[in-house]
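Pasting model_38.cif here (mmCIF, C-alpha atoms):
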```cif
data_input
loop_
_atom_site.label_atom_id
_atom_site.label_comp_id
_atom_site.auth_asym_id
_atom_site.auth_seq_id
_atom_site.Cartn_x
_atom_site.Cartn_y
_atom_site.Cartn_z
CA MET Q 1477 -85.63 -26.49 28.56
CA LYS Q 1478 -82.34 -27.79 27.09
CA ILE Q 1479 -82.31 -30.73 29.51
CA GLU Q 1480 -85.91 -31.59 28.61
CA ASN Q 1481 -85.03 -31.46 24.89
CA ASP Q 1482 -81.97 -33.67 25.42
CA ILE Q 1483 -84.05 -36.23 27.32
CA HIS Q 1484 -86.63 -36.25 24.52
CA ASP Q 1485 -83.86 -36.76 21.92
CA TYR Q 1486 -82.32 -39.63 23.90
CA GLU Q 1487 -85.69 -41.34 24.29
CA ALA Q 1488 -86.49 -40.92 20.59
CA LEU Q 1489 -83.12 -42.37 19.66
CA GLY Q 1490 -83.90 -45.54 21.60
CA ASP Q 1491 -87.47 -45.87 20.34
CA ASP Q 1492 -86.34 -45.43 16.74
CA HIS Q 1493 -83.66 -48.12 17.21
CA ILE Q 1494 -80.90 -45.98 15.72
CA GLY Q 1495 -77.31 -47.14 15.97
CA THR Q 1496 -74.33 -44.83 15.73
CA SER Q 1497 -71.43 -47.07 14.64
CA SER Q 1498 -70.56 -50.61 13.55
CA ASP Q 1499 -67.98 -50.61 16.37
CA THR Q 1500 -69.08 -50.81 19.98
CA PRO Q 1501 -68.67 -47.28 21.40
CA LEU Q 1502 -66.00 -47.60 24.09
CA ARG Q 1503 -64.02 -44.93 25.95
CA ASN Q 1504 -60.24 -44.92 25.69
CA ASP Q 1505 -59.97 -45.86 29.37
CA ALA Q 1506 -62.51 -48.70 29.13
CA PHE Q 1507 -60.04 -51.29 30.44
CA LYS Q 1508 -58.22 -49.20 33.03
CA LEU Q 1509 -60.14 -50.87 35.86
CA THR Q 1510 -59.97 -54.58 36.64
CA ASN Q 1511 -63.15 -56.64 36.56
CA GLU Q 1512 -63.19 -56.79 40.35
CA GLU Q 1513 -62.87 -53.01 40.60
CA LYS Q 1514 -65.74 -52.60 38.15
CA ILE Q 1515 -67.88 -55.00 40.20
CA ASP Q 1516 -67.25 -53.01 43.39
CA ILE Q 1517 -68.30 -49.74 41.72
CA ILE Q 1518 -71.36 -51.16 39.95
CA LYS Q 1519 -72.46 -52.87 43.17
CA ASP Q 1520 -72.72 -49.49 44.89
CA ASP Q 1521 -74.56 -48.02 41.90
CA VAL Q 1522 -77.12 -50.84 41.88
CA ARG Q 1523 -77.61 -50.45 45.63
CA HIS Q 1524 -78.25 -46.74 45.12
CA ILE Q 1525 -80.82 -47.42 42.38
CA MET Q 1526 -82.67 -49.94 44.56
CA GLU Q 1527 -82.66 -47.64 47.59
CA THR Q 1528 -83.89 -44.76 45.42
CA LEU Q 1529 -86.80 -46.96 44.32
CA GLY Q 1530 -87.65 -47.43 47.99
CA LEU Q 1531 -86.53 -51.04 48.44
CA ASP Q 1532 -85.33 -52.27 51.83
CA LEU Q 1533 -81.91 -53.85 51.25
CA LYS Q 1534 -81.86 -55.28 54.76
CA ASP Q 1535 -84.42 -57.84 53.54
CA ASP Q 1536 -82.83 -61.29 53.15
CA SER Q 1537 -84.10 -61.61 49.57
CA LEU Q 1538 -82.66 -58.26 48.45
CA LYS Q 1539 -79.44 -57.71 50.36
CA GLY Q 1540 -77.32 -59.78 47.96
CA THR Q 1541 -78.87 -58.34 44.79
CA PRO Q 1542 -76.40 -55.46 44.20
CA ASN Q 1543 -73.43 -57.83 44.24
CA ARG Q 1544 -75.19 -60.43 42.09
CA VAL Q 1545 -76.20 -57.83 39.49
CA ALA Q 1546 -72.70 -56.31 39.39
CA LYS Q 1547 -71.07 -59.70 38.83
CA MET Q 1548 -73.66 -60.56 36.19
CA PHE Q 1549 -73.03 -57.31 34.32
CA VAL Q 1550 -69.24 -57.63 34.27
CA LYS Q 1551 -68.75 -61.38 33.87
CA GLU Q 1552 -71.87 -62.52 32.01
CA LEU Q 1553 -74.21 -60.08 30.25
CA PHE Q 1554 -71.44 -57.71 29.18
CA GLY Q 1555 -68.49 -60.10 29.22
CA GLY Q 1556 -68.08 -59.52 25.48
CA LEU Q 1557 -66.70 -56.04 26.20
CA ASP Q 1558 -63.51 -57.64 27.53
CA PRO Q 1559 -61.04 -58.22 24.65
CA GLN Q 1560 -59.38 -60.98 26.69
CA ALA Q 1561 -62.63 -62.95 26.49
CA LYS Q 1562 -62.56 -62.96 22.69
CA PRO Q 1563 -62.62 -66.58 21.43
CA LYS Q 1564 -59.50 -67.84 19.70
CA ALA Q 1565 -60.86 -69.03 16.37
CA SER Q 1566 -58.17 -71.33 15.00
CA THR Q 1567 -58.44 -72.10 11.30
CA PHE Q 1568 -57.42 -75.20 9.40
CA GLU Q 1569 -56.51 -75.99 5.84
CA ASN Q 1570 -59.47 -77.11 3.77
CA LYS Q 1571 -57.77 -80.40 2.83
CA TYR Q 1572 -60.98 -82.08 1.73
CA LYS Q 1573 -61.54 -79.26 -0.79
CA TYR Q 1574 -65.13 -78.60 0.27
CA GLY Q 1575 -66.11 -75.74 -2.02
CA GLU Q 1576 -69.77 -75.13 -1.19
CA MET Q 1577 -71.16 -72.89 1.53
CA LEU Q 1578 -71.16 -74.03 5.12
CA VAL Q 1579 -74.16 -72.93 7.16
CA GLU Q 1580 -74.44 -72.93 10.95
CA LYS Q 1581 -78.09 -72.17 11.70
CA ASN Q 1582 -80.19 -71.59 14.80
CA ILE Q 1583 -77.34 -70.27 16.95
CA THR Q 1584 -78.93 -68.98 20.15
CA VAL Q 1585 -78.51 -65.24 20.70
CA TYR Q 1586 -78.78 -63.66 24.14
CA SER Q 1587 -77.90 -59.99 24.05
CA THR Q 1588 -78.92 -56.70 25.68
CA CYS Q 1589 -80.46 -53.65 24.02
CA GLU Q 1590 -78.17 -50.69 24.65
CA HIS Q 1591 -81.08 -48.23 24.72
CA HIS Q 1592 -83.00 -49.72 27.66
CA LEU Q 1593 -80.68 -52.51 28.90
CA LEU Q 1594 -83.40 -55.10 28.27
CA PRO Q 1595 -82.85 -58.55 26.72
CA ILE Q 1596 -82.60 -59.38 23.04
CA VAL Q 1597 -83.33 -63.09 22.46
CA GLY Q 1598 -83.27 -64.90 19.14
CA LYS Q 1599 -81.40 -66.99 16.60
CA ALA Q 1600 -78.44 -66.28 14.33
CA HIS Q 1601 -77.74 -68.08 11.05
CA VAL Q 1602 -74.16 -67.81 9.79
CA ALA Q 1603 -72.55 -69.06 6.58
CA TYR Q 1604 -69.27 -68.85 4.72
CA ILE Q 1605 -67.64 -70.18 1.57
CA SER Q 1606 -64.07 -71.38 2.14
CA ASN Q 1607 -61.23 -69.93 0.11
CA GLY Q 1608 -58.79 -72.48 1.49
CA THR Q 1609 -59.36 -72.40 5.24
CA VAL Q 1610 -62.11 -73.60 7.56
CA VAL Q 1611 -62.97 -72.84 11.18
CA GLY Q 1612 -64.31 -75.17 13.86
CA LEU Q 1613 -68.11 -75.18 14.02
CA SER Q 1614 -68.27 -74.32 17.73
CA LYS Q 1615 -66.09 -71.27 17.12
CA MET Q 1616 -68.86 -69.77 15.00
CA ASN Q 1617 -71.22 -70.12 17.97
CA ARG Q 1618 -68.61 -68.61 20.28
CA ILE Q 1619 -68.06 -65.62 18.01
CA VAL Q 1620 -71.80 -64.93 17.96
CA ASP Q 1621 -71.94 -65.25 21.76
CA TYR Q 1622 -68.92 -62.99 22.30
CA PHE Q 1623 -70.30 -60.06 20.31
CA ALA Q 1624 -73.80 -60.61 21.73
CA LYS Q 1625 -72.51 -60.22 25.29
CA ARG Q 1626 -72.37 -56.45 25.27
CA PRO Q 1627 -74.86 -53.59 25.03
CA GLN Q 1628 -75.99 -53.89 21.43
CA VAL Q 1629 -78.23 -52.90 18.60
CA GLN Q 1630 -79.06 -55.85 16.37
CA GLU Q 1631 -77.74 -54.20 13.21
CA ARG Q 1632 -74.30 -53.72 14.76
CA LEU Q 1633 -74.23 -57.25 16.15
CA THR Q 1634 -74.95 -58.69 12.69
CA ILE Q 1635 -72.15 -56.64 11.10
CA GLN Q 1636 -69.63 -57.45 13.84
CA ILE Q 1637 -70.19 -61.20 13.45
CA VAL Q 1638 -69.61 -61.01 9.69
CA LYS Q 1639 -66.53 -58.80 10.01
CA GLU Q 1640 -64.95 -61.09 12.58
CA LEU Q 1641 -65.49 -64.23 10.49
CA GLN Q 1642 -64.20 -62.44 7.40
CA SER Q 1643 -61.04 -61.61 9.32
CA VAL Q 1644 -60.64 -65.11 10.77
CA LEU Q 1645 -61.26 -66.89 7.46
CA ASN Q 1646 -59.54 -64.30 5.25
CA THR Q 1647 -62.51 -64.15 2.90
CA LYS Q 1648 -65.32 -61.72 2.13
CA ASP Q 1649 -67.72 -64.62 1.51
CA VAL Q 1650 -69.53 -64.55 4.85
CA ALA Q 1651 -73.20 -63.97 5.67
CA CYS Q 1652 -75.31 -63.62 8.79
CA VAL Q 1653 -79.05 -63.33 9.43
CA ILE Q 1654 -80.44 -62.70 12.93
CA ASP Q 1655 -84.10 -63.01 13.93
CA ALA Q 1656 -84.68 -61.80 17.49
CA LYS Q 1657 -87.23 -60.45 19.93
CA HIS Q 1658 -86.45 -57.21 21.78
CA LEU Q 1659 -88.01 -56.92 25.21
CA CYS Q 1660 -87.81 -53.13 24.91
CA VAL Q 1661 -90.56 -53.61 22.30
CA ASN Q 1662 -92.23 -56.75 23.66
CA SER Q 1663 -92.48 -55.85 27.36
CA ARG Q 1664 -92.59 -52.02 27.40
CA GLY Q 1665 -93.55 -49.19 25.09
CA ILE Q 1666 -95.78 -50.64 22.38
CA ARG Q 1667 -95.80 -54.05 24.16
CA ASP Q 1668 -96.07 -56.03 20.95
CA ILE Q 1669 -95.24 -59.55 22.14
CA ASP Q 1670 -95.44 -61.14 18.68
CA SER Q 1671 -93.06 -58.93 16.70
CA SER Q 1672 -89.44 -59.78 16.03
CA THR Q 1673 -86.59 -58.01 14.24
CA VAL Q 1674 -84.67 -59.52 11.31
CA THR Q 1675 -81.30 -58.16 10.21
CA SER Q 1676 -78.82 -59.42 7.62
CA GLU Q 1677 -75.31 -58.77 6.39
CA PHE Q 1678 -74.03 -60.30 3.16
CA GLY Q 1679 -70.40 -60.19 2.07
CA GLY Q 1680 -68.61 -61.23 -1.12
CA LYS Q 1681 -70.42 -63.92 -3.11
CA PHE Q 1682 -73.43 -63.68 -0.78
CA LYS Q 1683 -74.29 -60.36 -2.40
CA GLU Q 1684 -75.10 -62.33 -5.55
CA LYS Q 1685 -78.79 -63.12 -5.82
CA GLU Q 1686 -78.43 -66.91 -6.39
CA THR Q 1687 -75.93 -67.44 -3.56
CA ARG Q 1688 -78.02 -65.37 -1.16
CA ARG Q 1689 -81.15 -67.33 -2.15
CA GLU Q 1690 -79.34 -70.63 -1.51
CA PHE Q 1691 -78.33 -69.47 1.95
CA LEU Q 1692 -81.85 -68.37 2.82
CA ASP Q 1693 -83.23 -71.69 1.56
CA TYR Q 1694 -80.84 -73.55 3.87
CA ILE Q 1695 -82.09 -71.47 6.81
CA ASN Q 1696 -85.66 -72.51 6.02
CA LEU Q 1697 -84.86 -76.23 5.85
CA ASP Q 1698 -86.72 -78.29 8.46
CA THR Q 1699 -83.86 -79.74 10.51
CA THR Q 1700 -85.88 -80.77 13.54
CA PHE Q 1701 -84.63 -84.07 14.94
#
```
Same coordinates, now as structure tokens:
Amino acid sequence: MKIENDIHDYEALGDDHIGTSSDTPLRNDAFKLTNEEKIDIIKDDVRHIMETLGLDLKDDSLKGTPNRVAKMFVKELFGGLDPQAKPKASTFENKYKYGEMLVEKNITVYSTCEHHLLPIVGKAHVAYISNGTVVGLSKMNRIVDYFAKRPQVQERLTIQIVKELQSVLNTKDVACVIDAKHLCVNSRGIRDIDSSTVTSEFGGKFKEKETRREFLDYINLDTTF
């Protein structure tokens, strides 16, 4: 009975989209193994899953799948778990004294729901107001991509992006809005293909109504070229 109750609780946790921390939950020994060692272990696990499902791994189309999936997990989908992959976001003095907000909108987000390991696909809109330093535009995209490449909940991803840019730029004046589709909702369960999830995190001046409104207006600008 206890096992059945635990399973029910775990399933409810995923369906209710509840997160447990703004930090990615990692074990203390998360980086004890090398990437290649992780690939070897995951490859065997994927093979076991496929065989359990009844698939014939001697088939030419399937025999390479365990290795491909393992490499994809470690080096692509969940590459953002590796601290060595964290982008170096160099900052520069704001010599031209630009004092308004800078908005980088429509940053593509590819992430993975940590409850069902299904894709999260959407757009992130990020902004900051310089207090003397600026960061390269592409670094904002790279920061979004780095934190997206791990098992995630969208709320945590939004917070992590803001916290990282606040640290890099040494300012609280950072904001992020993410609008994304979750395939755990769109392709299973309720199967609502039209719904999307919107999350936001506003720091510093962006908590002020007028500044927040300006940011949201920029997001809604038609910038199709």
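Coordinates place CA of Glu1686 (chain Q) at a distance of 21.5 Å from CA of Asp1655 (chain Q).
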| said: Under the rule that all atoms listed in the file are counted, which of Q:Asp1516, Q:Glu1527, Q:Asp1521, Q:Glu1677 is the nearest residue to Glu1631 (chain Q)? | reply: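 Among Q:Asp1516, Q:Glu1527, Q:Asp1521, Q:Glu1677, it is Q:Glu1677 that comes nearest to Glu1631 (chain Q).
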| field | Target residues per the PyMOL selection byres ((chain Q and resi 1568) around 7), formatted as a VMD selection string | value | chain Q and resid 1566 to 1567 1569 to 1570 1609 to 1611
| said: Given the PyMOL selection byres ((chain Q and resi 1638) around 10) and the file above, list the residues it selects as number ranges by chain. | reply: Q: 1602-1604, 1619-1620, 1633-1637, 1639-1644, 1648-1653, 1676-1679
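Considering the residues Q:Ala1565, Q:Leu1593, Q:Ala1624, Q:Leu1659 and counting all atoms listed in the file, Thr1500 (chain Q) has its shortest atom-to-atom contact with Q:Ala1624.
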| said: Under the rule that only C-alpha atoms are counted, which of Q:Thr1541, Q:Gly1608, Q:Lys1534, Q:Ile1525 is the nearest residue to Tyr1572 (chain Q)? | reply: Q:Gly1608
| request: For CA of Lys1581 (chain Q) and CA of Gln1560 (chain Q), quote the distance in Å rounded to one decimal. | output: 26.5 Å
| said: From the options Q:Tyr1694, Q:Gly1665, Q:Ser1587, Q:Lys1599, which residue's atoms come nearest to Gly1556 (chain Q), counting only C-alpha atoms? | reply: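 Nearest to Gly1556 (chain Q): Q:Ser1587.
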| query | Can you tell me how far CA of Ile1669 (chain Q) sits from CA of His1591 (chain Q), in Å to one decimal? | reply |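 According to the coordinates, CA of Ile1669 (chain Q) and CA of His1591 (chain Q) are separated by 18.3 Å.
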| said: Using all atoms listed in the file, which protein or nucleic acid residues come within 12 Å of Glu1512 (chain Q)? Drop anything in the same chain fewer than 5 positions from it, and give the result as a PyMOL selection string. | reply: chain Q and resi 1507+1517-1519+1543+1546-1551
| message | For a quick check of understanding, using all atoms listed in the file, which of Q:Ser1537, Q:Thr1687, Q:Gln1630, Q:Ser1614 has the smallest distance to Thr1673 (chain Q)? | response |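 Closest candidate: Q:Gln1630.
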| task | Please write the residues picked by the PyMOL selection byres ((chain Q and resi 1588) around 9) on this file as a list in words. | result |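 Going through the file, the PyMOL selection byres ((chain Q and resi 1588) around 9) ends up selecting Leu1553, Phe1554, Tyr1586, Ser1587, Cys1589, Glu1590, His1591, His1592, Leu1593, Leu1594, Pro1595, Ile1596, Val1597, Ala1624, Lys1625, Arg1626, Pro1627, Gln1628, Val1629 and His1658 of chain Q.
Nearest to Met1577 (chain Q) of all the residues Q:Asn1696, Q:Ser1497, Q:Phe1682, Q:Leu1538 is Q:Phe1682, counting only C-alpha atoms.
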